[in-house]
file run_30.json (JSON, C-alpha atoms)
[["chain", "number", "residue", "atom", "x", "y", "z"],
["A", 1, "MET", "CA", -6.80, -6.20, -17.77],
["A", 2, "LYS", "CA", -10.05, -4.26, -17.80],
["A", 3, "GLU", "CA", -13.61, -5.47, -17.55],
["A", 4, "GLN", "CA", -15.09, -6.73, -20.80],
["A", 5, "ASP", "CA", -16.04, -4.06, -23.30],
["A", 6, "GLY", "CA", -19.75, -3.35, -23.47],
["A", 7, "ILE", "CA", -20.43, -4.33, -19.85],
["A", 8, "ASN", "CA", -21.89, -1.43, -17.92],
["A", 9, "LEU", "CA", -20.66, -1.89, -14.36],
["A", 10, "ILE", "CA", -22.94, 0.72, -12.84],
["A", 11, "ASP", "CA", -25.93, -1.41, -13.88],
["A", 12, "LYS", "CA", -24.44, -4.27, -11.85],
["A", 13, "VAL", "CA", -23.87, -1.93, -8.89],
["A", 14, "ILE", "CA", -27.52, -0.82, -8.74],
["A", 15, "THR", "CA", -29.24, -4.20, -9.11],
["A", 16, "ASN", "CA", -31.63, -4.88, -6.23],
["A", 17, "ASN", "CA", -29.69, -8.00, -5.25],
["A", 18, "ASN", "CA", -26.38, -6.13, -5.10],
["A", 19, "LEU", "CA", -27.70, -3.12, -3.16],
["A", 20, "TRP", "CA", -29.56, -5.21, -0.57],
["A", 21, "SER", "CA", -26.60, -7.57, -0.25],
["A", 22, "ALA", "CA", -24.45, -4.48, 0.47],
["A", 23, "TYR", "CA", -27.03, -3.33, 3.04],
["A", 24, "LYS", "CA", -26.80, -6.71, 4.84],
["A", 25, "LYS", "CA", -23.01, -6.48, 4.95],
["A", 26, "VAL", "CA", -23.08, -2.93, 6.40],
["A", 27, "LYS", "CA", -25.75, -3.92, 8.94],
["A", 28, "HIS", "CA", -23.73, -7.00, 9.96],
["A", 29, "ASN", "CA", -20.58, -4.90, 10.43],
["A", 30, "ASN", "CA", -22.56, -2.47, 12.60],
["A", 31, "GLY", "CA", -20.30, 0.53, 13.32],
["A", 32, "ALA", "CA", -20.92, 4.10, 14.39],
["A", 33, "PRO", "CA", -23.15, 6.57, 12.52],
["A", 34, "GLY", "CA", -21.59, 9.20, 10.26],
["A", 35, "VAL", "CA", -22.15, 12.96, 10.19],
["A", 36, "ASP", "CA", -25.92, 12.64, 9.56],
["A", 37, "GLY", "CA", -26.41, 10.64, 12.78],
["A", 38, "ILE", "CA", -28.38, 7.84, 11.06],
["A", 39, "THR", "CA", -27.63, 4.50, 12.73],
["A", 40, "VAL", "CA", -27.44, 1.02, 11.25],
["A", 41, "THR", "CA", -30.73, 0.28, 13.06],
["A", 42, "HIS", "CA", -32.55, 2.95, 11.01],
["A", 43, "LEU", "CA", -30.70, 2.18, 7.75],
["A", 44, "LYS", "CA", -33.32, -0.15, 6.24],
["A", 45, "SER", "CA", -36.22, 2.30, 6.56],
["A", 46, "HIS", "CA", -33.96, 5.12, 5.33],
["A", 47, "MET", "CA", -32.98, 3.07, 2.26],
["A", 48, "LYS", "CA", -36.57, 2.12, 1.49],
["A", 49, "LYS", "CA", -37.67, 5.75, 1.71],
["A", 50, "TYR", "CA", -35.01, 7.00, -0.75],
["A", 51, "TYR", "CA", -34.50, 3.80, -2.77],
["A", 52, "LYS", "CA", -35.79, 5.01, -6.17],
["A", 53, "PRO", "CA", -33.90, 8.37, -6.17],
["A", 54, "LEU", "CA", -30.83, 6.54, -4.79],
["A", 55, "LYS", "CA", -30.75, 4.18, -7.78],
["A", 56, "GLU", "CA", -31.35, 7.05, -10.22],
["A", 57, "LYS", "CA", -28.55, 9.16, -8.74],
["A", 58, "LEU", "CA", -26.14, 6.24, -8.81],
["A", 59, "LYS", "CA", -27.10, 5.40, -12.40],
["A", 60, "ASP", "CA", -26.32, 8.91, -13.71],
["A", 61, "GLY", "CA", -23.40, 9.56, -11.35],
["A", 62, "SER", "CA", -25.07, 12.51, -9.58],
["A", 63, "TYR", "CA", -25.03, 10.77, -6.17],
["A", 64, "GLN", "CA", -23.15, 13.00, -3.71],
["A", 65, "PRO", "CA", -21.59, 11.36, -0.64],
["A", 66, "GLN", "CA", -21.43, 13.28, 2.62],
["A", 67, "PRO", "CA", -18.13, 14.13, 4.35],
["A", 68, "VAL", "CA", -16.69, 11.40, 6.56],
["A", 69, "LYS", "CA", -16.69, 11.85, 10.32],
["A", 70, "ARG", "CA", -13.17, 11.97, 11.74],
["A", 71, "VAL", "CA", -12.49, 9.74, 14.74],
["A", 72, "ALA", "CA", -9.09, 9.61, 16.47],
["A", 73, "ILE", "CA", -7.84, 6.21, 17.70],
["A", 74, "PRO", "CA", -4.93, 6.40, 20.22],
["A", 75, "LYS", "CA", -1.82, 4.39, 19.26],
["A", 76, "PRO", "CA", 0.53, 2.67, 21.76],
["A", 77, "ASP", "CA", 3.30, 5.24, 21.07],
["A", 78, "GLY", "CA", 1.01, 8.12, 22.13],
["A", 79, "SER", "CA", 0.23, 9.31, 18.60],
["A", 80, "LYS", "CA", -3.20, 8.99, 16.96],
["A", 81, "ARG", "CA", -4.55, 7.10, 13.98],
["A", 82, "TYR", "CA", -7.46, 8.78, 12.24],
["A", 83, "LEU", "CA", -10.46, 6.93, 10.89],
["A", 84, "GLY", "CA", -13.01, 8.47, 8.52],
["A", 85, "ILE", "CA", -16.49, 7.12, 9.26],
["A", 86, "PRO", "CA", -18.86, 7.50, 6.26],
["A", 87, "CYS", "CA", -22.63, 7.80, 6.73],
["A", 88, "VAL", "CA", -24.37, 4.43, 6.74],
["A", 89, "LEU", "CA", -25.96, 5.01, 3.31],
["A", 90, "ASP", "CA", -22.57, 5.97, 1.86],
["A", 91, "ARG", "CA", -21.18, 2.75, 3.34],
["A", 92, "VAL", "CA", -23.88, 0.77, 1.50],
["A", 93, "VAL", "CA", -22.99, 2.50, -1.80],
["A", 94, "GLN", "CA", -19.26, 1.88, -1.26],
["A", 95, "GLN", "CA", -19.95, -1.77, -0.42],
["A", 96, "ALA", "CA", -22.16, -2.16, -3.52],
["A", 97, "ILE", "CA", -19.35, -0.76, -5.71],
["A", 98, "LEU", "CA", -16.78, -2.97, -3.95],
["A", 99, "GLN", "CA", -18.82, -6.13, -4.58],
["A", 100, "VAL", "CA", -18.73, -5.43, -8.33],
["A", 101, "ILE", "CA", -15.14, -4.21, -8.79],
["A", 102, "GLU", "CA", -13.31, -6.55, -6.38],
["A", 103, "PRO", "CA", -13.74, -9.72, -8.51],
["A", 104, "ILE", "CA", -12.41, -7.77, -11.53],
["A", 105, "ILE", "CA", -9.38, -6.24, -9.79],
["A", 106, "ASP", "CA", -8.23, -8.76, -7.18],
["A", 107, "PRO", "CA", -6.98, -11.46, -9.62],
["A", 108, "TYR", "CA", -4.34, -8.98, -10.85],
["A", 109, "PHE", "CA", -2.86, -8.41, -7.39],
["A", 110, "SER", "CA", 0.45, -9.99, -6.41],
["A", 111, "GLU", "CA", 0.70, -13.40, -4.76],
["A", 112, "LYS", "CA", 2.85, -11.66, -2.13],
["A", 113, "SER", "CA", 0.03, -9.26, -1.12],
["A", 114, "PHE", "CA", -1.93, -10.65, 1.84],
["A", 115, "GLY", "CA", -3.86, -7.78, 3.45],
["A", 116, "PHE", "CA", -7.61, -7.11, 3.00],
["A", 117, "ARG", "CA", -8.12, -9.81, 0.39],
["A", 118, "LYS", "CA", -10.59, -12.69, 0.35],
["A", 119, "GLY", "CA", -8.96, -16.02, 1.12],
["A", 120, "ARG", "CA", -5.73, -14.35, 2.32],
["A", 121, "SER", "CA", -4.55, -13.76, 5.85],
["A", 122, "ALA", "CA", -1.77, -12.62, 8.15],
["A", 123, "HIS", "CA", -1.15, -16.30, 8.92],
["A", 124, "GLN", "CA", -0.31, -16.94, 5.25],
["A", 125, "ALA", "CA", 2.02, -13.91, 5.26],
["A", 126, "ILE", "CA", 3.87, -15.39, 8.25],
["A", 127, "LYS", "CA", 4.18, -18.76, 6.48],
["A", 128, "GLN", "CA", 5.79, -16.95, 3.53],
["A", 129, "ALA", "CA", 8.23, -15.27, 5.94],
["A", 130, "GLU", "CA", 9.20, -18.71, 7.28],
["A", 131, "ARG", "CA", 9.86, -19.98, 3.74],
["A", 132, "TYR", "CA", 12.19, -17.06, 2.99],
["A", 133, "TYR", "CA", 14.00, -17.70, 6.27],
["A", 134, "GLU", "CA", 14.44, -21.40, 5.50],
["A", 135, "GLU", "CA", 15.74, -20.52, 2.01],
["A", 136, "GLY", "CA", 18.55, -18.50, 3.62],
["A", 137, "TYR", "CA", 17.12, -14.97, 3.32],
["A", 138, "ARG", "CA", 17.70, -13.92, 6.89],
["A", 139, "VAL", "CA", 18.06, -10.14, 6.71],
["A", 140, "VAL", "CA", 14.90, -8.04, 6.65],
["A", 141, "VAL", "CA", 14.46, -4.62, 5.05],
["A", 142, "ASP", "CA", 11.52, -3.09, 6.91],
["A", 143, "CYS", "CA", 10.23, 0.03, 5.11],
["A", 144, "ASP", "CA", 7.68, 2.08, 7.04],
["A", 145, "LEU", "CA", 5.33, 4.26, 4.97],
["A", 146, "LYS", "CA", 4.56, 7.51, 6.76],
["A", 147, "SER", "CA", 0.79, 8.17, 7.08],
["A", 148, "TYR", "CA", 0.12, 6.03, 4.00],
["A", 149, "PHE", "CA", -3.68, 6.20, 3.93],
["A", 150, "ASP", "CA", -3.53, 10.00, 4.33],
["A", 151, "THR", "CA", -1.01, 10.55, 1.53],
["A", 152, "ILE", "CA", -2.32, 8.47, -1.40],
["A", 153, "HIS", "CA", -2.02, 10.61, -4.55],
["A", 154, "HIS", "CA", -5.54, 10.95, -6.00],
["A", 155, "GLN", "CA", -4.67, 11.49, -9.67],
["A", 156, "ARG", "CA", -2.27, 8.54, -9.68],
["A", 157, "LEU", "CA", -4.82, 6.35, -7.92],
["A", 158, "ARG", "CA", -7.41, 7.23, -10.55],
["A", 159, "ALA", "CA", -4.95, 6.38, -13.35],
["A", 160, "TYR", "CA", -4.16, 3.04, -11.67],
["A", 161, "LEU", "CA", -7.89, 2.29, -11.30],
["A", 162, "GLU", "CA", -8.46, 3.01, -14.99],
["A", 163, "GLU", "CA", -6.13, 0.11, -15.80],
["A", 164, "PHE", "CA", -8.87, -2.18, -14.41],
["A", 165, "ILE", "CA", -12.14, -0.24, -14.66],
["A", 166, "THR", "CA", -13.50, 1.55, -17.74],
["A", 167, "ASP", "CA", -17.00, 2.44, -16.51],
["A", 168, "LYS", "CA", -16.94, 6.24, -16.24],
["A", 169, "ILE", "CA", -19.84, 6.45, -13.78],
["A", 170, "VAL", "CA", -18.23, 3.97, -11.36],
["A", 171, "LEU", "CA", -14.93, 5.88, -11.61],
["A", 172, "LYS", "CA", -16.79, 9.16, -11.05],
["A", 173, "LEU", "CA", -18.49, 7.82, -7.91],
["A", 174, "ILE", "CA", -15.21, 6.51, -6.48],
["A", 175, "TRP", "CA", -13.64, 9.91, -7.19],
["A", 176, "LYS", "CA", -16.50, 11.61, -5.32],
["A", 177, "PHE", "CA", -15.88, 9.42, -2.28],
["A", 178, "LEU", "CA", -12.19, 10.33, -2.37],
["A", 179, "ARG", "CA", -13.00, 14.05, -2.56],
["A", 180, "SER", "CA", -16.02, 14.16, -0.21],
["A", 181, "GLY", "CA", -14.02, 15.76, 2.61],
["A", 182, "ILE", "CA", -13.71, 15.23, 6.35],
["A", 183, "LEU", "CA", -15.76, 16.72, 9.18],
["A", 184, "ASP", "CA", -13.67, 17.06, 12.33],
["A", 185, "LYS", "CA", -16.18, 18.17, 14.98],
["A", 186, "ASP", "CA", -17.55, 21.29, 13.22],
["A", 187, "ILE", "CA", -14.58, 21.90, 10.93],
["A", 188, "TYR", "CA", -14.80, 20.81, 7.28],
["A", 189, "ILE", "CA", -11.49, 19.70, 5.71],
["A", 190, "GLU", "CA", -11.15, 19.26, 1.95],
["A", 191, "THR", "CA", -9.53, 16.01, 0.81],
["A", 192, "SER", "CA", -7.09, 16.52, -2.05],
["A", 193, "GLU", "CA", -5.14, 13.36, -1.18],
["A", 194, "GLY", "CA", -5.55, 10.18, 0.85],
["A", 195, "ALA", "CA", -8.24, 7.52, 1.27],
["A", 196, "PRO", "CA", -9.56, 7.74, 4.86],
["A", 197, "GLN", "CA", -9.63, 4.41, 6.69],
["A", 198, "GLY", "CA", -13.14, 3.44, 7.72],
["A", 199, "GLY", "CA", -15.11, 2.92, 4.48],
["A", 200, "PRO", "CA", -15.54, -0.36, 2.56],
["A", 201, "LEU", "CA", -13.62, 0.97, -0.50],
["A", 202, "SER", "CA", -10.54, 2.13, 1.40],
["A", 203, "PRO", "CA", -8.72, -1.27, 1.57],
["A", 204, "ILE", "CA", -9.06, -2.12, -2.13],
["A", 205, "LEU", "CA", -8.02, 1.41, -3.16],
["A", 206, "ALA", "CA", -4.96, 1.10, -0.91],
["A", 207, "ASN", "CA", -4.11, -2.22, -2.56],
["A", 208, "VAL", "CA", -4.62, -0.83, -6.09],
["A", 209, "TYR", "CA", -2.10, 1.92, -5.32],
["A", 210, "LEU", "CA", 0.52, -0.35, -3.74],
["A", 211, "ASN", "CA", 0.06, -2.98, -6.47],
["A", 212, "LYS", "CA", 2.50, -0.75, -8.41],
["A", 213, "LEU", "CA", 5.07, -1.29, -5.65],
["A", 214, "ASP", "CA", 4.47, -5.06, -5.68],
["A", 215, "ARG", "CA", 5.03, -5.25, -9.43],
["A", 216, "GLU", "CA", 8.21, -3.17, -9.20],
["A", 217, "LEU", "CA", 9.60, -5.41, -6.43],
["A", 218, "GLU", "CA", 8.75, -8.51, -8.50],
["A", 219, "LYS", "CA", 10.44, -6.99, -11.55],
["A", 220, "ARG", "CA", 13.58, -6.48, -9.48],
["A", 221, "GLY", "CA", 13.44, -10.10, -8.29],
["A", 222, "HIS", "CA", 12.96, -9.26, -4.60],
["A", 223, "ARG", "CA", 11.53, -11.64, -2.03],
["A", 224, "PHE", "CA", 8.94, -9.61, -0.19],
["A", 225, "ILE", "CA", 5.68, -9.73, 1.73],
["A", 226, "ARG", "CA", 3.08, -6.98, 1.87],
["A", 227, "TYR", "CA", 0.10, -6.73, 4.19],
["A", 228, "ALA", "CA", -1.76, -3.47, 3.39],
["A", 229, "ASP", "CA", 0.83, -0.72, 4.02],
["A", 230, "ASP", "CA", 3.20, -2.99, 5.97],
["A", 231, "PHE", "CA", 5.86, -4.58, 3.80],
["A", 232, "VAL", "CA", 9.20, -6.30, 4.29],
["A", 233, "ILE", "CA", 11.88, -7.46, 1.85],
["A", 234, "TYR", "CA", 14.10, -10.46, 2.63],
["A", 235, "VAL", "CA", 17.74, -10.45, 1.53],
["A", 236, "LYS", "CA", 20.89, -12.46, 2.35],
["A", 237, "SER", "CA", 23.21, -9.79, 3.78],
["A", 238, "LYS", "CA", 23.12, -6.45, 5.56],
["A", 239, "ARG", "CA", 24.99, -4.86, 2.67],
["A", 240, "ALA", "CA", 22.34, -6.09, 0.21],
["A", 241, "GLY", "CA", 19.72, -4.75, 2.62],
["A", 242, "GLU", "CA", 21.29, -1.29, 2.58],
["A", 243, "ARG", "CA", 21.30, -1.22, -1.23],
["A", 244, "VAL", "CA", 17.68, -2.38, -1.38],
["A", 245, "MET", "CA", 16.56, 0.15, 1.24],
["A", 246, "GLU", "CA", 18.16, 2.98, -0.73],
["A", 247, "SER", "CA", 16.78, 1.97, -4.15],
["A", 248, "VAL", "CA", 13.28, 1.11, -2.90],
["A", 249, "THR", "CA", 13.04, 4.37, -0.92],
["A", 250, "LYS", "CA", 13.96, 6.26, -4.09],
["A", 251, "TYR", "CA", 11.25, 4.46, -6.09],
["A", 252, "ILE", "CA", 8.55, 4.95, -3.44],
["A", 253, "GLU", "CA", 9.24, 8.65, -2.95],
["A", 254, "LYS", "CA", 9.82, 9.57, -6.59],
["A", 255, "ASP", "CA", 7.45, 7.29, -8.51],
["A", 256, "LEU", "CA", 4.65, 6.70, -5.99],
["A", 257, "ARG", "CA", 4.89, 10.10, -4.27],
["A", 258, "LEU", "CA", 4.76, 8.49, -0.83],
["A", 259, "VAL", "CA", 7.01, 9.17, 2.15],
["A", 260, "ILE", "CA", 9.28, 6.68, 3.93],
["A", 261, "ASN", "CA", 9.47, 7.16, 7.69],
["A", 262, "GLN", "CA", 13.25, 7.09, 8.17],
["A", 263, "LYS", "CA", 12.98, 6.77, 11.97],
["A", 264, "LYS", "CA", 10.89, 3.61, 11.84],
["A", 265, "SER", "CA", 12.42, 1.97, 8.74],
["A", 266, "LYS", "CA", 15.27, -0.40, 9.51],
["A", 267, "ILE", "CA", 17.46, -3.31, 8.39],
["A", 268, "GLY", "CA", 17.93, -6.20, 10.77],
["A", 269, "GLY", "CA", 18.16, -9.94, 11.26],
["A", 270, "ALA", "CA", 15.02, -11.91, 10.42],
["A", 271, "THR", "CA", 14.99, -13.49, 13.90],
["A", 272, "SER", "CA", 14.88, -10.12, 15.67],
["A", 273, "ALA", "CA", 12.37, -8.53, 13.26],
["A", 274, "THR", "CA", 8.69, -8.27, 14.15],
["A", 275, "PHE", "CA", 6.15, -8.32, 11.32],
["A", 276, "LEU", "CA", 2.39, -8.11, 11.91],
["A", 277, "GLY", "CA", 3.11, -8.49, 15.62],
["A", 278, "PHE", "CA", 4.94, -11.76, 15.00],
["A", 279, "ASN", "CA", 8.54, -12.71, 15.78],
["A", 280, "ILE", "CA", 10.00, -15.42, 13.54],
["A", 281, "GLN", "CA", 12.62, -16.56, 16.10],
["A", 282, "ASN", "CA", 9.99, -17.49, 18.67],
["A", 283, "HIS", "CA", 7.92, -19.22, 16.03],
["A", 284, "MET", "CA", 10.83, -21.09, 14.41],
["A", 285, "GLY", "CA", 11.91, -22.23, 17.89],
["A", 286, "LYS", "CA", 8.39, -23.51, 18.54],
["A", 287, "LEU", "CA", 8.39, -25.33, 15.19],
["A", 288, "VAL", "CA", 11.66, -27.08, 16.05],
["A", 289, "ALA", "CA", 10.34, -28.00, 19.52],
["A", 290, "ASP", "CA", 7.10, -29.35, 18.01],
["A", 291, "GLN", "CA", 9.04, -31.41, 15.45],
["A", 292, "ALA", "CA", 11.29, -32.83, 18.17],
["A", 293, "SER", "CA", 8.27, -33.69, 20.32],
["A", 294, "ARG", "CA", 6.58, -35.48, 17.41],
["A", 295, "GLN", "CA", 9.79, -37.44, 16.66],
["A", 296, "ASN", "CA", 10.01, -38.54, 20.32],
["A", 297, "ASN", "CA", 6.40, -39.68, 20.26],
["A", 298, "ASP", "CA", 7.04, -41.62, 17.05],
["A", 299, "LEU", "CA", 10.04, -43.34, 18.65],
["A", 300, "LYS", "CA", 7.87, -44.28, 21.64],
["A", 301, "GLY", "CA", 5.30, -45.72, 19.28],
["A", 302, "ASN", "CA", 2.56, -43.18, 20.26]]
call {"tool": "encode", "arguments": {"input": "run_30.json", "output": "structure tokens"}}
result
Amino acid sequence: MKEQDGINLIDKVITNNNLWSAYKKVKHNNGAPGVDGITVTHLKSHMKKYYKPLKEKLKDGSYQPQPVKRVAIPKPDGSKRYLGIPCVLDRVVQQAILQVIEPIIDPYFSEKSFGFRKGRSAHQAIKQAERYYEEGYRVVVDCDLKSYFDTIHHQRLRAYLEEFITDKIVLKLIWKFLRSGILDKDIYIETSEGAPQGGPLSPILANVYLNKLDRELEKRGHRFIRYADDFVIYVKSKRAGERVMESVTKYIEKDLRLVINQKKSKIGGATSATFLGFNIQNHMGKLVADQASRQNNDLKGN
């Protein structure tokens, strides 16, 4: 399950092709500057100026990322979601690491995991929901993870990463990004848990952690869909849903050290449930209407 023995991943990370490919990706994504104020516009000249020491520091693991800049995004319910914006050079380094580790790790993720993965989409997740519905699984267990990205357990995440990655320098650099801290205006906050949303590595680290949940749900034979930290389990009765909610909550809180938001978690009919902003009843109704329309056209010879 790990990369091949003898392959030094950090050497792949610091190739000129990989680093400049990462630069292009960061430049294309644009985004705000981090705590050092350097913009994407000035990134190329900044990289050229420090390119040799950058490669050397990455090679020996002495590279030190700067704290991420905290930005609050208002949510519809009045609360706030916090993003951590890394400096542009840190974003390039994260992207360069991602480009090397993603092809190694992603093939081991579950077929029922759809978020932040190449070739996978919310649309595919919805199609899976329709299949469960058509197979007679019409009760949904909707478990809400409370502040997931802020509560990821660092030591466990590192242990899960080590199942895929053996390169000690790459692991050390990822660890440094996790522990680099947050700057909220002028206040520095240490990060002893969590993976702030906003950097290129955050999505894959989130998926590595919740891959444990996916495998546990598969082992138990559940029909589920996960998109990042949103996941639903499809069952055939409300009673089964109650049992699943209880046992899955126990696993998540005890084994993964995450917290279930009891107020937002619920069990309900698949037609009334909303997942990824989508309501299956409306969509199934549309499908039936479309099928009927096509049948009418066929009868008319259109």
call {"tool": "axis_aligned_box", "arguments": {"input": "run_30.json", "around": "range 65-78 of chain A", "padding_each_side": "5 Å", "output": "lines of an AutoDock Vina configuration file"}}
result
center_x = -9.1
center_y = 8.4
center_z = 10.7
size_x = 34.9
size_y = 21.5
size_z = 32.8
call {"tool": "residues_near_point", "arguments": {"input": "run_30.json", "point": "(-22.3, 15.6, 8.6)", "cutoff": "12 Å", "atoms": "all atoms listed in the file", "output": "mmCIF file with C-alpha atoms, in the coordinates of the input"}}
result
data_model
loop_
_atom_site.group_PDB
_atom_site.id
_atom_site.type_symbol
_atom_site.label_atom_id
_atom_site.label_comp_id
_atom_site.auth_asym_id
_atom_site.auth_seq_id
_atom_site.Cartn_x
_atom_site.Cartn_y
_atom_site.Cartn_z
ATOM 1 C CA PRO A 33 -23.150 6.570 12.520
ATOM 2 C CA GLY A 34 -21.590 9.200 10.260
ATOM 3 C CA VAL A 35 -22.150 12.960 10.190
ATOM 4 C CA ASP A 36 -25.920 12.640 9.560
ATOM 5 C CA GLY A 37 -26.410 10.640 12.780
ATOM 6 C CA ILE A 38 -28.380 7.840 11.060
ATOM 7 C CA PRO A 65 -21.590 11.360 -0.640
ATOM 8 C CA GLN A 66 -21.430 13.280 2.620
ATOM 9 C CA PRO A 67 -18.130 14.130 4.350
ATOM 10 C CA VAL A 68 -16.690 11.400 6.560
ATOM 11 C CA LYS A 69 -16.690 11.850 10.320
ATOM 12 C CA ARG A 70 -13.170 11.970 11.740
ATOM 13 C CA GLY A 84 -13.010 8.470 8.520
ATOM 14 C CA ILE A 85 -16.490 7.120 9.260
ATOM 15 C CA PRO A 86 -18.860 7.500 6.260
ATOM 16 C CA CYS A 87 -22.630 7.800 6.730
ATOM 17 C CA VAL A 88 -24.370 4.430 6.740
ATOM 18 C CA ASP A 90 -22.570 5.970 1.860
ATOM 19 C CA SER A 180 -16.020 14.160 -0.210
ATOM 20 C CA GLY A 181 -14.020 15.760 2.610
ATOM 21 C CA ILE A 182 -13.710 15.230 6.350
ATOM 22 C CA LEU A 183 -15.760 16.720 9.180
ATOM 23 C CA ASP A 184 -13.670 17.060 12.330
ATOM 24 C CA LYS A 185 -16.180 18.170 14.980
ATOM 25 C CA ASP A 186 -17.550 21.290 13.220
ATOM 26 C CA ILE A 187 -14.580 21.900 10.930
ATOM 27 C CA TYR A 188 -14.800 20.810 7.280
ATOM 28 C CA ILE A 189 -11.490 19.700 5.710
#
call {"tool": "closest_residue", "arguments": {"input": "run_30.json", "among": "A:Phe149, A:Tyr227, A:Phe164, A:Tyr82", "to": "Asp106 in chain A", "atoms": "only C-alpha atoms"}}
result
A:Phe164
call {"tool": "closest_residue", "arguments": {"input": "run_30.json", "among": "A:Asp60, A:Ile104, A:Lys55, A:Gly194", "to": "Thr151 in chain A", "atoms": "all atoms listed in the file"}}
result
A:Gly194
call {"tool": "atom_distance", "arguments": {"input": "run_30.json", "atom1": "CA of Gln94 in chain A", "atom2": "CA of Ser113 in chain A"}}
result
22.3 Å
call {"tool": "closest_residue", "arguments": {"input": "run_30.json", "among": "A:Asp214, A:Glu163, A:Glu193, A:Glu111", "to": "Trp175 in chain A", "atoms": "only C-alpha atoms"}}
result
A:Glu193
call {"tool": "closest_residue", "arguments": {"input": "run_30.json", "among": "A:Lys48, A:Lys25, A:Arg138, A:Arg156", "to": "Val232 in chain A", "atoms": "all atoms listed in the file"}}
result
A:Arg138
call {"tool": "atom_distance", "arguments": {"input": "run_30.json", "atom1": "CA of Lys264 in chain A", "atom2": "CA of Asp144 in chain A"}}
result
6.0 Å
call {"tool": "atom_distance", "arguments": {"input": "run_30.json", "atom1": "CA of Ile165 in chain A", "atom2": "CA of Leu9 in chain A"}}
result
8.7 Å
call {"tool": "residues_around", "arguments": {"input": "run_30.json", "residues": "range 233-238 of chain A", "least_positions_apart": "4", "cutoff": "6 Å", "atoms": "all atoms listed in the file", "output": "ChimeraX atom specification"}}
result
/A:137-141,223-224
call {"tool": "residues_around", "arguments": {"input": "run_30.json", "residues": "Val13 in chain A", "least_positions_apart": "4", "cutoff": "10 Å", "atoms": "only C-alpha atoms", "output": "PyMOL selection string"}}
result
chain A and resi 8-9+17-19+22+55+58-59+93-101+170
call {"tool": "closest_residue", "arguments": {"input": "run_30.json", "among": "A:Ile174, A:Ala129, A:Thr15, A:Phe114", "to": "Glu162 in chain A", "atoms": "all atoms listed in the file"}}
result
A:Ile174
call {"tool": "residues_near_point", "arguments": {"input": "run_30.json", "point": "(11.1, -11.3, 7.3)", "cutoff": "12 Å", "atoms": "all atoms listed in the file", "output": "ChimeraX atom specification"}}
result
/A:125-143,223-226,230-236,241,266-281
call {"tool": "write_last_selection", "arguments": {"input": "run_30.json", "atoms": "C-alpha atoms", "output": "short mmCIF file (atom, residue, chain, number, x, y, z; two decimals), keeping the file's coordinate frame"}}
result
data_model
loop_
_atom_site.label_atom_id
_atom_site.label_comp_id
_atom_site.auth_asym_id
_atom_site.auth_seq_id
_atom_site.Cartn_x
_atom_site.Cartn_y
_atom_site.Cartn_z
CA ALA A 125 2.02 -13.91 5.26
CA ILE A 126 3.87 -15.39 8.25
CA LYS A 127 4.18 -18.76 6.48
CA GLN A 128 5.79 -16.95 3.53
CA ALA A 129 8.23 -15.27 5.94
CA GLU A 130 9.20 -18.71 7.28
CA ARG A 131 9.86 -19.98 3.74
CA TYR A 132 12.19 -17.06 2.99
CA TYR A 133 14.00 -17.70 6.27
CA GLU A 134 14.44 -21.40 5.50
CA GLU A 135 15.74 -20.52 2.01
CA GLY A 136 18.55 -18.50 3.62
CA TYR A 137 17.12 -14.97 3.32
CA ARG A 138 17.70 -13.92 6.89
CA VAL A 139 18.06 -10.14 6.71
CA VAL A 140 14.90 -8.04 6.65
CA VAL A 141 14.46 -4.62 5.05
CA ASP A 142 11.52 -3.09 6.91
CA CYS A 143 10.23 0.03 5.11
CA ARG A 223 11.53 -11.64 -2.03
CA PHE A 224 8.94 -9.61 -0.19
CA ILE A 225 5.68 -9.73 1.73
CA ARG A 226 3.08 -6.98 1.87
CA ASP A 230 3.20 -2.99 5.97
CA PHE A 231 5.86 -4.58 3.80
CA VAL A 232 9.20 -6.30 4.29
CA ILE A 233 11.88 -7.46 1.85
CA TYR A 234 14.10 -10.46 2.63
CA VAL A 235 17.74 -10.45 1.53
CA LYS A 236 20.89 -12.46 2.35
CA GLY A 241 19.72 -4.75 2.62
CA LYS A 266 15.27 -0.40 9.51
CA ILE A 267 17.46 -3.31 8.39
CA GLY A 268 17.93 -6.20 10.77
CA GLY A 269 18.16 -9.94 11.26
CA ALA A 270 15.02 -11.91 10.42
CA THR A 271 14.99 -13.49 13.90
CA SER A 272 14.88 -10.12 15.67
CA ALA A 273 12.37 -8.53 13.26
CA THR A 274 8.69 -8.27 14.15
CA PHE A 275 6.15 -8.32 11.32
CA LEU A 276 2.39 -8.11 11.91
CA GLY A 277 3.11 -8.49 15.62
CA PHE A 278 4.94 -11.76 15.00
CA ASN A 279 8.54 -12.71 15.78
CA ILE A 280 10.00 -15.42 13.54
CA GLN A 281 12.62 -16.56 16.10
#
